[in-house]
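S.K.: Quick one, input03.csv (CSV, C-alpha atoms):
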chain,number,residue,atom,x,y,z
A,1,MET,CA,64.6,111.2,82.0
A,2,ARG,CA,68.3,110.4,82.1
A,3,ILE,CA,70.7,108.8,84.6
A,4,LEU,CA,74.1,110.1,83.8
A,5,GLY,CA,76.3,107.3,82.5
A,6,GLU,CA,73.3,105.0,81.9
A,7,GLY,CA,71.2,106.7,79.2
A,8,GLN,CA,67.6,107.8,78.9
A,9,PHE,CA,64.4,106.2,80.3
A,10,ARG,CA,60.7,106.9,80.1
A,11,VAL,CA,59.0,106.6,83.5
A,12,ASP,CA,55.3,106.3,84.3
A,13,ASP,CA,53.3,108.8,86.4
A,14,ASP,CA,53.6,106.7,89.5
A,15,ALA,CA,57.3,106.6,89.3
A,16,ALA,CA,57.5,110.3,88.4
A,17,ALA,CA,55.6,111.2,91.6
A,18,LYS,CA,58.0,109.2,93.7
A,19,LEU,CA,60.9,110.7,91.9
A,20,THR,CA,59.6,114.2,92.6
A,21,ALA,CA,59.6,113.4,96.3
A,22,LEU,CA,63.2,112.0,96.1
A,23,ASP,CA,64.2,115.1,94.1
A,24,LYS,CA,63.2,117.2,97.1
A,25,ASP,CA,65.4,115.1,99.3
A,26,LEU,CA,68.2,115.5,96.9
A,27,ASP,CA,67.8,119.2,96.8
A,28,ALA,CA,67.7,119.4,100.6
A,29,ALA,CA,70.9,117.3,100.8
A,30,VAL,CA,72.7,119.4,98.2
A,31,ARG,CA,71.8,122.6,100.1
A,32,ALA,CA,72.8,121.2,103.4
A,33,ASP,CA,75.8,119.4,101.9
A,34,THR,CA,75.0,116.2,103.7
A,35,GLY,CA,76.5,113.2,101.9
A,36,VAL,CA,74.6,110.4,103.7
A,37,ALA,CA,71.2,111.8,102.9
A,38,PHE,CA,72.3,112.7,99.3
A,39,THR,CA,73.6,109.2,98.7
A,40,ALA,CA,70.4,107.6,100.1
A,41,ALA,CA,68.1,109.7,97.9
A,42,LEU,CA,70.2,109.2,94.8
A,43,ARG,CA,70.4,105.5,95.2
A,44,ALA,CA,66.7,105.2,95.7
A,45,ALA,CA,66.0,107.4,92.7
A,46,VAL,CA,68.4,105.5,90.4
A,47,ALA,CA,67.0,102.1,91.6
A,48,LEU,CA,63.5,103.3,90.8
A,49,VAL,CA,64.3,104.5,87.3
A,50,ARG,CA,66.3,101.3,86.6
A,51,ALA,CA,63.5,99.1,87.8
A,52,THR,CA,60.5,100.9,86.3
A,53,GLY,CA,61.9,103.0,83.4
A,54,VAL,CA,61.8,101.9,79.8
A,55,PRO,CA,65.0,102.7,77.9
A,56,VAL,CA,64.7,105.2,75.1
A,57,ALA,CA,65.5,103.6,71.7
A,58,ASP,CA,68.8,104.3,70.0
A,59,ASP,CA,67.2,105.9,67.0
A,60,GLU,CA,65.2,108.4,69.1
A,61,PHE,CA,66.9,111.8,69.7
A,62,VAL,CA,65.2,113.6,72.5
A,63,THR,CA,66.3,115.7,75.5
A,64,ALA,CA,65.5,114.5,79.0
A,65,ASP,CA,63.3,116.7,81.2
A,66,TYR,CA,65.1,115.5,84.3
A,67,ILE,CA,68.6,114.2,84.7
A,68,LEU,CA,69.9,112.2,87.6
A,69,PRO,CA,73.6,112.4,88.5
A,70,PHE,CA,75.9,109.4,88.1
A,71,SER,CA,74.7,106.6,90.4
A,72,ASP,CA,77.9,106.9,92.5
A,73,ALA,CA,78.2,110.7,92.4
A,74,THR,CA,79.0,112.5,95.6
A,75,VAL,CA,77.2,115.5,97.0
A,76,GLY,CA,80.4,117.5,96.4
A,77,GLU,CA,80.5,116.5,92.8
A,78,VAL,CA,76.9,117.5,92.2
A,79,ARG,CA,77.3,120.8,94.1
A,80,LYS,CA,80.2,121.6,91.8
A,81,LEU,CA,78.3,120.7,88.7
A,82,LEU,CA,75.4,122.9,89.7
A,83,ALA,CA,77.6,125.8,90.8
A,84,ASP,CA,79.7,125.7,87.6
A,85,GLY,CA,76.7,125.2,85.4
A,86,THR,CA,79.0,123.8,82.7
A,87,ILE,CA,79.9,120.4,81.4
A,88,PRO,CA,83.1,119.7,79.5
A,89,GLY,CA,83.0,120.5,75.9
A,90,ASP,CA,84.2,122.6,73.0
A,91,SER,CA,82.9,126.0,71.8
A,92,ILE,CA,80.0,124.5,69.9
A,93,GLY,CA,78.7,122.7,72.9
A,94,LEU,CA,79.9,119.3,72.2
A,95,PRO,CA,82.4,117.6,74.5
B,96,MET,CA,64.6,123.9,93.0
B,97,SER,CA,64.7,120.4,91.6
B,98,VAL,CA,68.2,119.0,91.3
B,99,MET,CA,67.2,116.8,88.4
B,100,LYS,CA,65.7,119.7,86.6
B,101,ARG,CA,68.8,121.9,87.1
B,102,VAL,CA,71.1,119.3,85.8
B,103,SER,CA,68.9,118.9,82.7
B,104,LEU,CA,68.9,122.6,82.1
B,105,ILE,CA,72.7,122.7,82.2
B,106,PHE,CA,72.8,120.2,79.4
B,107,ARG,CA,70.0,122.0,77.5
B,108,ALA,CA,71.7,125.4,77.8
B,109,LYS,CA,74.8,123.9,76.3
B,110,ALA,CA,73.0,122.5,73.2
B,111,ASP,CA,71.0,125.8,72.8
B,112,LYS,CA,74.2,127.8,72.8
B,113,ALA,CA,75.7,125.7,70.1
B,114,LEU,CA,72.6,125.8,68.0
B,115,ASP,CA,72.5,129.6,68.2
B,116,ARG,CA,75.9,129.7,66.6
B,117,MET,CA,75.0,127.4,63.7
B,118,GLU,CA,73.8,129.2,60.6
B,119,ASP,CA,73.3,126.3,58.2
B,120,PRO,CA,71.4,123.4,59.9
B,121,ARG,CA,73.1,121.0,57.4
B,122,GLU,CA,76.4,122.1,58.7
B,123,THR,CA,75.2,121.6,62.2
B,124,LEU,CA,74.4,117.9,61.4
B,125,ASP,CA,77.7,117.3,59.7
B,126,TYR,CA,79.8,119.0,62.4
B,127,SER,CA,77.9,117.2,65.1
B,128,TYR,CA,78.5,113.9,63.4
B,129,LYS,CA,82.2,114.6,63.1
B,130,GLN,CA,82.3,115.4,66.8
B,131,GLN,CA,80.4,112.2,67.7
B,132,VAL,CA,82.9,110.1,65.8
B,133,GLU,CA,85.8,111.8,67.7
B,134,MET,CA,84.0,111.3,71.0
B,135,LEU,CA,83.6,107.6,70.2
B,136,THR,CA,87.4,107.3,69.6
B,137,ARG,CA,88.0,109.2,72.9
B,138,VAL,CA,85.6,106.9,74.9
B,139,ARG,CA,87.2,103.8,73.4
B,140,ARG,CA,90.6,105.1,74.4
B,141,GLY,CA,89.2,105.8,77.8
B,142,VAL,CA,88.1,102.2,78.2
B,143,ALA,CA,91.6,101.0,77.2
B,144,ASP,CA,93.3,103.4,79.7
B,145,VAL,CA,91.1,102.2,82.5
B,146,ALA,CA,91.9,98.6,81.6
B,147,THR,CA,95.6,99.3,81.6
B,148,SER,CA,95.4,100.8,85.1
B,149,ARG,CA,93.3,97.8,86.3
B,150,LYS,CA,96.0,95.4,85.0
B,151,ARG,CA,98.7,97.3,86.7
B,152,VAL,CA,96.9,97.1,90.0
B,153,GLU,CA,96.4,93.4,89.4
B,154,LEU,CA,100.2,92.9,88.9
B,155,GLN,CA,100.9,94.8,92.1
B,156,MET,CA,98.4,92.7,93.9
B,157,ASN,CA,100.3,89.6,92.7
B,158,SER,CA,103.6,91.0,93.9
B,159,LEU,CA,102.2,91.9,97.3
B,160,GLN,CA,100.6,88.4,97.6
B,161,LYS,CA,104.1,86.9,97.0
B,162,GLU,CA,105.6,89.1,99.7
B,163,ILE,CA,102.9,88.2,102.1
B,164,GLY,CA,103.5,84.5,101.5
B,165,LYS,CA,107.2,85.1,102.0
B,166,ARG,CA,106.6,86.6,105.4
B,167,ASP,CA,104.5,83.5,106.4
B,168,VAL,CA,107.4,81.2,105.5
B,169,GLN,CA,109.9,83.4,107.4
B,170,ALA,CA,107.7,83.5,110.5
B,171,ARG,CA,107.5,79.7,110.6
B,172,ASP,CA,111.2,79.4,109.8
B,173,ALA,CA,112.1,81.8,112.6
B,174,LEU,CA,109.9,80.0,115.1
B,175,GLY,CA,111.4,76.7,114.1
B,176,LYS,CA,114.8,78.1,114.9
B,177,GLY,CA,113.6,79.5,118.2
B,178,ARG,CA,113.7,83.1,117.1
B,179,GLU,CA,110.4,84.5,118.2
B,180,ASP,CA,111.6,88.1,117.8
B,181,LEU,CA,112.2,87.5,114.1
B,182,ALA,CA,108.9,85.7,113.7
B,183,ARG,CA,107.2,88.7,115.3
B,184,ALA,CA,109.0,91.1,113.0
B,185,ALA,CA,107.9,89.1,109.9
B,186,LEU,CA,104.3,89.0,111.0
B,187,GLN,CA,104.2,92.7,111.8
B,188,ASN,CA,105.5,93.4,108.3
B,189,LYS,CA,103.0,91.0,106.9
B,190,SER,CA,100.1,92.9,108.5
B,191,GLN,CA,101.3,96.1,106.8
B,192,LEU,CA,101.5,94.3,103.5
B,193,VAL,CA,98.0,92.9,104.0
B,194,SER,CA,96.6,96.3,104.6
B,195,GLN,CA,98.3,97.6,101.4
B,196,TYR,CA,96.8,94.6,99.6
B,197,SER,CA,93.2,95.3,100.7
B,198,ASP,CA,93.7,98.9,99.6
B,199,LEU,CA,94.6,97.7,96.2
B,200,GLU,CA,91.7,95.3,96.2
B,201,THR,CA,89.4,98.3,96.6
B,202,GLN,CA,91.1,100.2,93.8
B,203,PHE,CA,90.8,97.1,91.6
B,204,ALA,CA,87.1,96.8,92.1
B,205,ASN,CA,86.7,100.6,91.5
B,206,LEU,CA,88.6,100.4,88.2
B,207,GLN,CA,86.7,97.4,87.1
B,208,GLU,CA,83.4,99.2,87.7
B,209,GLN,CA,84.6,102.2,85.8
B,210,GLU,CA,85.7,100.0,82.9
B,211,GLU,CA,82.3,98.3,82.8
B,212,LYS,CA,80.5,101.6,82.9
B,213,LEU,CA,82.6,103.2,80.2
B,214,THR,CA,82.3,100.1,78.0
B,215,LEU,CA,78.5,100.4,78.2
B,216,ALA,CA,78.6,104.1,77.6
B,217,SER,CA,80.8,103.5,74.5
B,218,GLN,CA,78.3,100.9,73.2
B,219,ARG,CA,75.4,103.2,73.8
B,220,LEU,CA,77.1,106.1,72.1
B,221,ASP,CA,78.1,103.8,69.2
B,222,ALA,CA,74.5,102.8,68.6
B,223,LYS,CA,73.3,106.4,68.9
B,224,VAL,CA,75.9,107.6,66.4
B,225,GLN,CA,75.0,104.9,63.9
B,226,SER,CA,71.4,106.0,64.1
B,227,PHE,CA,72.3,109.7,63.9
B,228,ARG,CA,74.2,109.1,60.7
B,229,THR,CA,71.0,107.7,59.1
B,230,ARG,CA,68.9,110.4,60.6
B,231,LYS,CA,71.2,113.1,59.4
B,232,GLU,CA,70.8,112.1,55.8
B,233,THR,CA,67.0,111.9,56.1
B,234,LEU,CA,66.9,115.3,57.7
B,235,LYS,CA,69.1,116.9,55.1
B,236,ALA,CA,66.9,115.5,52.3
B,237,THR,CA,63.8,117.0,53.9
B,238,TYR,CA,65.5,120.3,54.7
B,239,THR,CA,63.2,122.3,52.5
B,240,ALA,CA,60.2,121.2,54.7
B,241,ALA,CA,59.2,123.8,57.2
B,242,GLU,CA,59.5,121.5,60.2
B,243,ALA,CA,63.0,120.3,59.2
B,244,GLN,CA,64.7,123.0,61.3
B,245,THR,CA,62.8,121.9,64.4
B,246,ARG,CA,63.6,118.3,63.8
B,247,ILE,CA,67.3,119.1,63.3
B,248,ASN,CA,67.4,121.0,66.5
B,249,GLU,CA,65.7,118.2,68.3
B,250,ALA,CA,68.1,115.6,67.0
B,251,PHE,CA,71.0,117.9,67.7
B,252,SER,CA,70.0,118.6,71.3
B,253,GLY,CA,69.3,114.9,71.9
B,254,ILE,CA,72.7,113.7,70.7
B,255,SER,CA,74.3,116.7,72.4
B,256,GLU,CA,72.9,115.5,75.7
B,257,GLU,CA,74.3,112.0,75.1
B,258,MET,CA,77.7,113.5,74.2
B,259,GLY,CA,77.7,115.6,77.3
B,260,ASP,CA,76.8,112.6,79.4
B,261,VAL,CA,79.6,110.5,77.9
B,262,GLY,CA,82.0,113.4,78.1
B,263,LEU,CA,81.4,113.7,81.8
B,264,ALA,CA,81.7,109.9,82.2
B,265,ILE,CA,85.1,109.9,80.5
B,266,GLN,CA,86.3,112.9,82.5
B,267,ARG,CA,85.3,111.1,85.7
B,268,ALA,CA,87.1,107.9,84.6
B,269,GLU,CA,90.2,109.9,83.7
B,270,ASP,CA,90.2,111.6,87.0
B,271,LYS,CA,89.9,108.4,88.9
B,272,THR,CA,92.5,106.6,86.8
B,273,ALA,CA,94.9,109.5,87.4
B,274,GLN,CA,94.4,109.2,91.2
B,275,MET,CA,94.9,105.4,91.0
B,276,GLN,CA,98.0,105.8,88.9
B,277,ALA,CA,99.5,108.1,91.3
B,278,ARG,CA,98.9,105.6,94.2
B,279,ALA,CA,100.0,102.7,92.0
B,280,GLY,CA,103.2,104.5,91.1
B,281,ALA,CA,104.0,105.1,94.8
B,282,ILE,CA,103.5,101.4,95.5
B,283,ASP,CA,105.6,100.4,92.6
B,284,GLU,CA,108.4,102.6,93.9
B,285,LEU,CA,108.0,101.2,97.4
B,286,LEU,CA,108.2,97.6,96.1
B,287,ALA,CA,111.2,98.4,93.9
B,288,SER,CA,113.2,100.2,96.6
B,289,GLY,CA,112.4,97.7,99.2
B,290,ALA,CA,111.1,100.5,101.4
B,291,LEU,CA,107.8,98.6,101.8
B,292,GLU,CA,109.7,95.7,103.1
B,293,ASP,CA,111.8,97.7,105.5
B,294,HIS,CA,109.4,100.2,107.0
B,295,VAL,CA,108.7,98.0,109.9
B,296,GLY,CA,111.7,98.0,112.3
B,297,GLY,CA,114.1,95.5,110.9
B,298,GLY,CA,112.1,94.7,107.8
B,299,GLN,CA,112.5,91.9,105.4
B,300,ASP,CA,116.2,92.2,104.7
B,301,TYR,CA,117.0,92.1,108.4
B,302,ILE,CA,114.7,89.1,109.0
B,303,GLN,CA,116.0,87.2,106.0
B,304,ALA,CA,119.6,88.0,106.8
B,305,GLU,CA,119.1,86.8,110.4
B,306,LEU,CA,117.4,83.6,109.2
B,307,ASP,CA,120.1,83.0,106.6
B,308,LYS,CA,122.7,83.5,109.3
B,309,ILE,CA,120.9,80.9,111.6
B,310,GLY,CA,120.6,78.7,108.6
B,311,ALA,CA,124.3,78.9,107.7
B,312,GLY,CA,125.2,78.6,111.4
B,313,SER,CA,123.3,75.4,111.9
B,314,ASP,CA,124.9,74.0,108.8
B,315,VAL,CA,128.3,74.7,110.3
B,316,ASP,CA,127.2,73.2,113.6
B,317,SER,CA,125.9,70.0,112.1
B,318,GLU,CA,129.1,69.7,110.0
B,319,LEU,CA,131.2,70.2,113.1
B,320,ALA,CA,129.1,67.6,115.0
B,321,ARG,CA,129.6,65.1,112.1
B,322,ILE,CA,133.3,65.6,112.0
B,323,LYS,CA,133.6,65.4,115.8
B,324,GLY,CA,131.6,62.1,115.7
B,325,GLU,CA,134.0,60.7,113.1
B,326,ILE,CA,137.0,61.7,115.0
B,327,ALA,CA,135.6,60.3,118.2
B,328,ALA,CA,134.9,57.0,116.5
B,329,THR,CA,138.4,56.5,115.1
B,330,ALA,CA,140.7,58.5,117.4
B,331,PRO,CA,140.8,56.1,120.5
B,332,LYS,CA,141.7,53.2,118.3
B,333,GLN,CA,144.5,55.2,116.6
B,334,ILE,CA,145.8,56.1,120.1
B,335,GLU,CA,145.6,52.5,121.3
B,336,GLY,CA,147.2,51.1,118.2
B,337,ASN,CA,149.8,53.8,117.9
B,338,GLY,CA,152.6,52.0,116.0
B,339,SER,CA,150.9,48.6,116.5
B,340,SER,CA,149.7,46.5,113.5
B,341,GLY,CA,147.3,44.6,115.8
B,342,ALA,CA,144.9,47.5,116.0
B,343,GLU,CA,144.6,47.7,112.2
B,344,GLN,CA,144.0,43.9,112.0
B,345,GLU,CA,141.2,44.2,114.6
B,346,ALA,CA,139.5,46.9,112.7
B,347,ALA,CA,139.5,45.0,109.4
B,348,PRO,CA,137.2,42.1,110.5
B,349,ALA,CA,134.8,44.7,111.9
B,350,ASP,CA,134.6,46.4,108.4
B,351,GLN,CA,134.2,43.0,106.9
B,352,ARG,CA,131.2,42.2,109.1
B,353,ALA,CA,129.5,45.5,108.3
B,354,GLY,CA,130.0,44.7,104.6
B,355,ASP,CA,128.4,41.3,105.0
B,356,GLY,CA,125.5,42.6,106.8
B,357,ALA,CA,124.6,45.2,104.1
Render the structure in this file as structure tokens.

M.R.:
Amino acid sequence: MRILGEGQFRVDDDAAAKLTALDKDLDAAVRADTGVAFTAALRAAVALVRATGVPVADDEFVTADYILPFSDATVGEVRKLLADGTIPGDSIGLP
Amino acid sequence: MSVMKRVSLIFRAKADKALDRMEDPRETLDYSYKQQVEMLTRVRRGVADVATSRKRVELQMNSLQKEIGKRDVQARDALGKGREDLARAALQNKSQLVSQYSDLETQFANLQEQEEKLTLASQRLDAKVQSFRTRKETLKATYTAAEAQTRINEAFSGISEEMGDVGLAIQRAEDKTAQMQARAGAIDELLASGALEDHVGGGQDYIQAELDKIGAGSDVDSELARIKGEIAATAPKQIEGNGSSGAEQEAAPADQRAGDGA
């Protein structure tokens, strides 16, 4: 998985289960547009990945199954990203 | 649906779309590498821009700190001269400056954080790009193998995600820097025009002018007092000894005694 701005990590099953629960909180917060709940869930998820995740090596080129927003992202920012469905970049898909 | 999954799908979709357009996988690798090198330049420039903004905020903080110190001196000076009204005006102005200062402190911390994050992103991308360059040549050499296409796609998608991540990070940093610059520009203008100093009734110019006036006034007063004292000391004798040489002779021994005592 990836934390935007921080790179990719591999997490174990235990952490993955906890992340799934936090992901539900994130989803609920994004739907309800509640900043406080969103920030709490995001911080917990980021802290968990940072603490238990193993960074993916530089010479490994893999895509992440799950991507966490920037650690200081706001609910509005994430809502916009999900609504637009686009990230900055040129025509061939590279920023 | 999972937020983390949806974000990952956005990145994946972007890479897939790019791959669909590429006919020759070798071209994909070369083009991607070229883009990566450009991205590295961009992210390094981003780091430099954030650093410039941070330094600017730091300079403003120093200017404000000086102004705050000046208000303290003025307040003491005013109280010493019995002008509580001026001391109050100086302190009111100081509290406005202190609030501006704490706003700048927040901005400074924010920029510093952005700078650190971008620096790390730049280092990470740098390492990835170096690895990709090696991988690219290996993949091109094995292009005839059946699985080369899959591997190329994997490598491309992997680096594409990294690039998308860094691209978003730069965009965020640029947005934040632009916001800060607008605010920093406003404070620069305020400091330059003196409006920041004047926006409390009276303001610095008024306070300092009043203090200067008191300062100049008290100098005049003490000068007057000194001259009056001199006149008082000599005048009676001049009146007594008007036209008489005796008075002058009396004064002379007094001067002589003072000289001996020194």

S.K.: Could you tell me how far CA of Arg278 (chain B) sits from CA of Gln187 (chain B), in Å to one decimal place?

M.R.: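 CA of Gln187 (chain B) sits 22.5 Å away from CA of Arg278 (chain B).
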
S.K.: Restricting the calculation to only C-alpha atoms, which member of B:Phe251, B:Tyr196, B:Phe227, B:Tyr301 is positioned closest to Val152 (chain B)?

M.R.: B:Tyr196

S.K.: Every residue with an atom at most 10 Å from (97.1, 97.2, 88.1) (file coordinates; only C-alpha atoms) is what I'm after, so could you write them as number ranges by chain?

M.R.: B: 145-157, 199-200, 202-203, 206, 275-276, 279-280

S.K.: Report as JSON lines the residues of chain A within 9 Å of chain B, each with its shortest atom pair and distance in Å (one decimal), using only C-alpha atoms, ordered by chain and increasing residue number.

M.R.:
{"residue": "A:Met1", "atom": "CA", "partner": "B:Ser103", "partner_atom": "CA", "distance": 8.8}
{"residue": "A:Arg2", "atom": "CA", "partner": "B:Ser103", "partner_atom": "CA", "distance": 8.5}
{"residue": "A:Ile3", "atom": "CA", "partner": "B:Asp260", "partner_atom": "CA", "distance": 8.9}
{"residue": "A:Leu4", "atom": "CA", "partner": "B:Asp260", "partner_atom": "CA", "distance": 5.7}
{"residue": "A:Gly5", "atom": "CA", "partner": "B:Ala264", "partner_atom": "CA", "distance": 6.0}
{"residue": "A:Glu6", "atom": "CA", "partner": "B:Ala216", "partner_atom": "CA", "distance": 6.9}
{"residue": "A:Gly7", "atom": "CA", "partner": "B:Glu257", "partner_atom": "CA", "distance": 7.4}
{"residue": "A:Gln8", "atom": "CA", "partner": "B:Glu257", "partner_atom": "CA", "distance": 8.8}
{"residue": "A:Thr20", "atom": "CA", "partner": "B:Ser97", "partner_atom": "CA", "distance": 8.1}
{"residue": "A:Asp23", "atom": "CA", "partner": "B:Ser97", "partner_atom": "CA", "distance": 5.9}
{"residue": "A:Lys24", "atom": "CA", "partner": "B:Ser97", "partner_atom": "CA", "distance": 6.5}
{"residue": "A:Leu26", "atom": "CA", "partner": "B:Val98", "partner_atom": "CA", "distance": 6.6}
{"residue": "A:Asp27", "atom": "CA", "partner": "B:Val98", "partner_atom": "CA", "distance": 5.5}
{"residue": "A:Val30", "atom": "CA", "partner": "B:Val98", "partner_atom": "CA", "distance": 8.2}
{"residue": "A:Ala57", "atom": "CA", "partner": "B:Lys223", "partner_atom": "CA", "distance": 8.7}
{"residue": "A:Asp58", "atom": "CA", "partner": "B:Lys223", "partner_atom": "CA", "distance": 5.1}
{"residue": "A:Asp59", "atom": "CA", "partner": "B:Ser226", "partner_atom": "CA", "distance": 5.1}
{"residue": "A:Glu60", "atom": "CA", "partner": "B:Ala250", "partner_atom": "CA", "distance": 8.0}
{"residue": "A:Phe61", "atom": "CA", "partner": "B:Gly253", "partner_atom": "CA", "distance": 4.5}
{"residue": "A:Val62", "atom": "CA", "partner": "B:Gly253", "partner_atom": "CA", "distance": 4.3}
{"residue": "A:Thr63", "atom": "CA", "partner": "B:Gly253", "partner_atom": "CA", "distance": 4.8}
{"residue": "A:Ala64", "atom": "CA", "partner": "B:Ser103", "partner_atom": "CA", "distance": 6.7}
{"residue": "A:Asp65", "atom": "CA", "partner": "B:Ser103", "partner_atom": "CA", "distance": 6.2}
{"residue": "A:Tyr66", "atom": "CA", "partner": "B:Met99", "partner_atom": "CA", "distance": 4.8}
{"residue": "A:Ile67", "atom": "CA", "partner": "B:Met99", "partner_atom": "CA", "distance": 4.7}
{"residue": "A:Leu68", "atom": "CA", "partner": "B:Met99", "partner_atom": "CA", "distance": 5.4}
{"residue": "A:Pro69", "atom": "CA", "partner": "B:Met99", "partner_atom": "CA", "distance": 7.8}
{"residue": "A:Phe70", "atom": "CA", "partner": "B:Ala264", "partner_atom": "CA", "distance": 8.3}
{"residue": "A:Val78", "atom": "CA", "partner": "B:Val102", "partner_atom": "CA", "distance": 8.8}
{"residue": "A:Leu81", "atom": "CA", "partner": "B:Val102", "partner_atom": "CA", "distance": 7.9}
{"residue": "A:Leu82", "atom": "CA", "partner": "B:Val102", "partner_atom": "CA", "distance": 6.8}
{"residue": "A:Gly85", "atom": "CA", "partner": "B:Ile105", "partner_atom": "CA", "distance": 5.7}
{"residue": "A:Thr86", "atom": "CA", "partner": "B:Ile105", "partner_atom": "CA", "distance": 6.4}
{"residue": "A:Ile87", "atom": "CA", "partner": "B:Gly259", "partner_atom": "CA", "distance": 6.7}
{"residue": "A:Pro88", "atom": "CA", "partner": "B:Gly262", "partner_atom": "CA", "distance": 6.5}
{"residue": "A:Gly89", "atom": "CA", "partner": "B:Gly259", "partner_atom": "CA", "distance": 7.4}
{"residue": "A:Ser91", "atom": "CA", "partner": "B:Ala113", "partner_atom": "CA", "distance": 7.4}
{"residue": "A:Ile92", "atom": "CA", "partner": "B:Ala113", "partner_atom": "CA", "distance": 4.5}
{"residue": "A:Gly93", "atom": "CA", "partner": "B:Ala113", "partner_atom": "CA", "distance": 5.1}
{"residue": "A:Leu94", "atom": "CA", "partner": "B:Ser255", "partner_atom": "CA", "distance": 6.2}
{"residue": "A:Pro95", "atom": "CA", "partner": "B:Gly262", "partner_atom": "CA", "distance": 5.5}

S.K.: Report, in Å with one decimal, the straight-line distance from CA of Leu181 (chain B) to CA of Ile302 (chain B).

M.R.: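 Going from CA of Leu181 (chain B) over to CA of Ile302 (chain B) covers 5.9 Å.
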
S.K.: Calculate how many Å separate CA of Lys308 (chain B) from CA of Glu179 (chain B), rounding to one decimal.

M.R.: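 Calculated distance between CA of Lys308 (chain B) and CA of Glu179 (chain B) is 15.2 Å.
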
S.K.: With all atoms listed in the file as the basis for distance, which of A:Ala32, A:Ala37, A:Pro55, A:Leu42 is at the shortest distance from Val11 (chain A)?

M.R.: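 Among A:Ala32, A:Ala37, A:Pro55, A:Leu42, it is A:Pro55 that comes nearest to Val11 (chain A).
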
S.K.: Taking all atoms listed in the file into account, name the residue in A:Ala51, A:Val56, A:Ala73, A:Ala83 that is nearest to Phe38 (chain A).

M.R.: A:Ala73
